[in-house]
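Step one of this worksheet: look at the structure below.
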Amino acid sequence: MDIPYTVLPRRDTGLYNAKLGIWLFLASEVMLFGALFSSYILLRVGAYPGAWPHGILNVPIGTVNTMVLICSSVTVVLGWAALKANNFARYRKLQAITIVCSMMFVCIKSYEYYDKFTHYEVVLKDGRVIDGHLIEKVGGGQMVNGVRQHPESIILHGVEFPAEMKAAGMAKVPLMERLAGEHGGHGSHVEHKEYTIAWSDTARVQNYGPWHNTYLAIYFTMTGLHALHVIGGALVMGWIWGPGAKLWKTDPERYTNRVEVSGLFWHFVDLVWIFLFPILYLL
Amino acid sequence: MSHHDAQKSIKIYLFVFASLIVGTILTVGAWKVHMPTVFITVLVALVIASVKASLVAGWFMHLASEQKMIYAILGFTAFFFLGMMFLTLWAMTDAPTHALP
């Protein structure tokens, strides 16, 4: 038995079933992301004054990624319009651009994640803090009794914060804002140098992963969930574009509806990013 | 949407696309300018984001001309979404005021 209402609208809803389905799904997605946005607001307004970090992310890269996602959104809807006009070849080209854009987005996001995972904050035993990107870990790494050994030293390219600042109770966050200049932010430029730090001199070594602070925790959670949506959407659209395209020959209207439904999901992913970009990169 | 309508819509899609690009540039531009208060900075960024989101939802997702059933679903969603946003914020009113150590 065929699935009913894949092409024709049902009389009571006025919609073909897949469209009703995707909107119900998107409604649940609004609540999913809404819960995270709500958490973000609570964490943000509940933070100590001045303790919320700014300038950690690279704004030009974030802007480029926003543009990439916008481009992918317009090609989806233009591709669907091409199918409506019975122009399969044009749809193929446009949707190929969408899929390339989605891969570009994920690659750029991966680079940003890599940048954070190789960005270290090292607190020395004398109270100084060295903050910078990892150049090399020297020695160590071997397994002894199932425990990975620490490196002998760690080489970072970054800046040093004197112990007095920490002793004076100044939070590191305002200091970090001075570094924002390096990421195209408001901060003034701070000279970066190469530091070779013996492991025995360190009190704490931590990279800028989600465990580093509340901001990075919510940043990785929200952008990670968003990136999973991008990957999922790209896989579905890629399948419809490639192996699933057989349906165009047998049931073009149903195929066009599939493109529309996957497109609705894609626009939603774009819509979430429209809010994620300013709140995480700029505000 | 008929085939003819879809073709007519292409111009609208391109206009929305251009607006989204301009909106993104405006967002970054407004952030670069020092606003008098944080509130205004946040307000400007969120207003631009809301306009961009409305363009995507209204025209790319065709919400400007959809069936009543979808509006009904989204009406419920908006109600609970706003509840989730603002009820939790009210919890802040009995939180102790922070003071830096």
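Just so we're on the same page: first chain in the structure tokens is A, next is B, and so on; residues restart at 1 for each chain, and ligands are numbered from 1 in the order they show up.
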
Hey, list the chain A side of the contact with chain B: 6 Å cut-off, only C-alpha atoms, answer as an mmCIF file with N, CA, C and O atoms, in the first residue's frame.
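Produced file selection_24.cif, reproduced below:
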```cif
data_model
loop_
_atom_site.group_PDB
_atom_site.id
_atom_site.type_symbol
_atom_site.label_atom_id
_atom_site.label_comp_id
_atom_site.auth_asym_id
_atom_site.auth_seq_id
_atom_site.Cartn_x
_atom_site.Cartn_y
_atom_site.Cartn_z
ATOM 1 N N THR A 13 -5.978 19.128 6.632
ATOM 2 C CA THR A 13 -4.823 19.953 7.010
ATOM 3 C C THR A 13 -4.465 20.956 5.922
ATOM 4 O O THR A 13 -3.823 21.972 6.197
ATOM 5 N N ALA A 27 8.942 22.358 15.079
ATOM 6 C CA ALA A 27 8.405 22.922 16.326
ATOM 7 C C ALA A 27 9.159 22.332 17.515
ATOM 8 O O ALA A 27 9.523 23.047 18.460
ATOM 9 N N SER A 38 17.753 29.709 26.236
ATOM 10 C CA SER A 38 17.305 30.108 27.559
ATOM 11 C C SER A 38 18.424 29.872 28.584
ATOM 12 O O SER A 38 18.698 30.721 29.436
ATOM 13 N N ALA A 81 12.734 25.923 -6.582
ATOM 14 C CA ALA A 81 11.976 26.666 -7.604
ATOM 15 C C ALA A 81 12.312 26.118 -8.998
ATOM 16 O O ALA A 81 11.429 26.054 -9.863
ATOM 17 N N LYS A 84 10.271 23.089 -9.531
ATOM 18 C CA LYS A 84 8.887 23.500 -9.798
ATOM 19 C C LYS A 84 8.728 23.907 -11.259
ATOM 20 O O LYS A 84 7.655 23.741 -11.846
ATOM 21 N N ALA A 85 9.811 24.446 -11.840
ATOM 22 C CA ALA A 85 9.785 24.862 -13.250
ATOM 23 C C ALA A 85 10.235 23.718 -14.162
ATOM 24 O O ALA A 85 10.545 23.953 -15.335
ATOM 25 N N LEU A 264 13.238 23.049 4.090
ATOM 26 C CA LEU A 264 12.675 23.692 5.286
ATOM 27 C C LEU A 264 13.571 23.442 6.495
ATOM 28 O O LEU A 264 13.830 24.339 7.292
ATOM 29 N N LEU A 271 18.511 29.630 10.281
ATOM 30 C CA LEU A 271 17.834 30.542 11.204
ATOM 31 C C LEU A 271 18.456 30.484 12.604
ATOM 32 O O LEU A 271 18.658 31.503 13.255
ATOM 33 N N ILE A 274 21.670 32.364 12.608
ATOM 34 C CA ILE A 274 21.475 33.828 12.578
ATOM 35 C C ILE A 274 21.484 34.390 14.005
ATOM 36 O O ILE A 274 21.960 35.486 14.242
ATOM 37 N N PHE A 275 20.973 33.613 14.975
ATOM 38 C CA PHE A 275 21.016 34.064 16.370
ATOM 39 C C PHE A 275 22.314 33.646 17.067
ATOM 40 O O PHE A 275 22.828 34.365 17.914
#
```

Can you pull out every residue within 8 Å of segment 159-161 of chain A, counting only C-alpha atoms, but drop anything in the same chain fewer than 6 positions away, and send it as a count of residues only?
9

My list of candidates is A:Trp23, A:Thr75, A:Gln206, A:Trp241. Which is closest to Leu63 of chain B when distances are computed with only C-alpha atoms?
A:Trp23

One decimal, Å: what's the distance from atom CA of Pro162 of chain A over to atom CA of Gly55 of chain A, could you say?
20.4 Å

Using DSSP secondary structure from the backbone, list all strand (DSSP E) positions within segment 40-143 of chain A, as a PyMOL selection string.
chain A and resi 119-124+129-138+143

Serialized selection, C-alpha atoms, as a CSV table (one decimal), in the first residue's frame:
```
chain,number,residue,atom,x,y,z
A,119,HIS,CA,44.8,27.2,22.7
A,120,TYR,CA,46.2,26.7,26.2
A,121,GLU,CA,46.1,28.5,29.5
A,122,VAL,CA,49.1,27.6,31.7
A,123,VAL,CA,49.1,28.8,35.3
A,124,LEU,CA,52.7,28.6,36.7
A,129,VAL,CA,49.7,32.9,33.6
A,130,ILE,CA,50.8,32.2,30.1
A,131,ASP,CA,48.1,32.1,27.5
A,132,GLY,CA,48.7,31.1,23.9
A,133,HIS,CA,48.6,28.5,21.1
A,134,LEU,CA,50.4,25.3,21.3
A,135,ILE,CA,53.5,25.0,19.2
A,136,GLU,CA,54.8,21.7,20.5
A,137,LYS,CA,54.8,19.3,23.5
A,138,VAL,CA,58.3,18.1,24.1
A,143,MET,CA,52.2,5.0,28.5
```

Write out as a PyMOL selection string all residues of chain B that backbone DSSP assigns to helix (DSSP H, G or I).
chain B and resi 3-32+38-60+63-65+68-94

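Proximity ranking of B:Trp90, B:Ser19, B:Ala64, B:Val44 relative to Pro278 of chain A places B:Val44 first, based on only C-alpha atoms.
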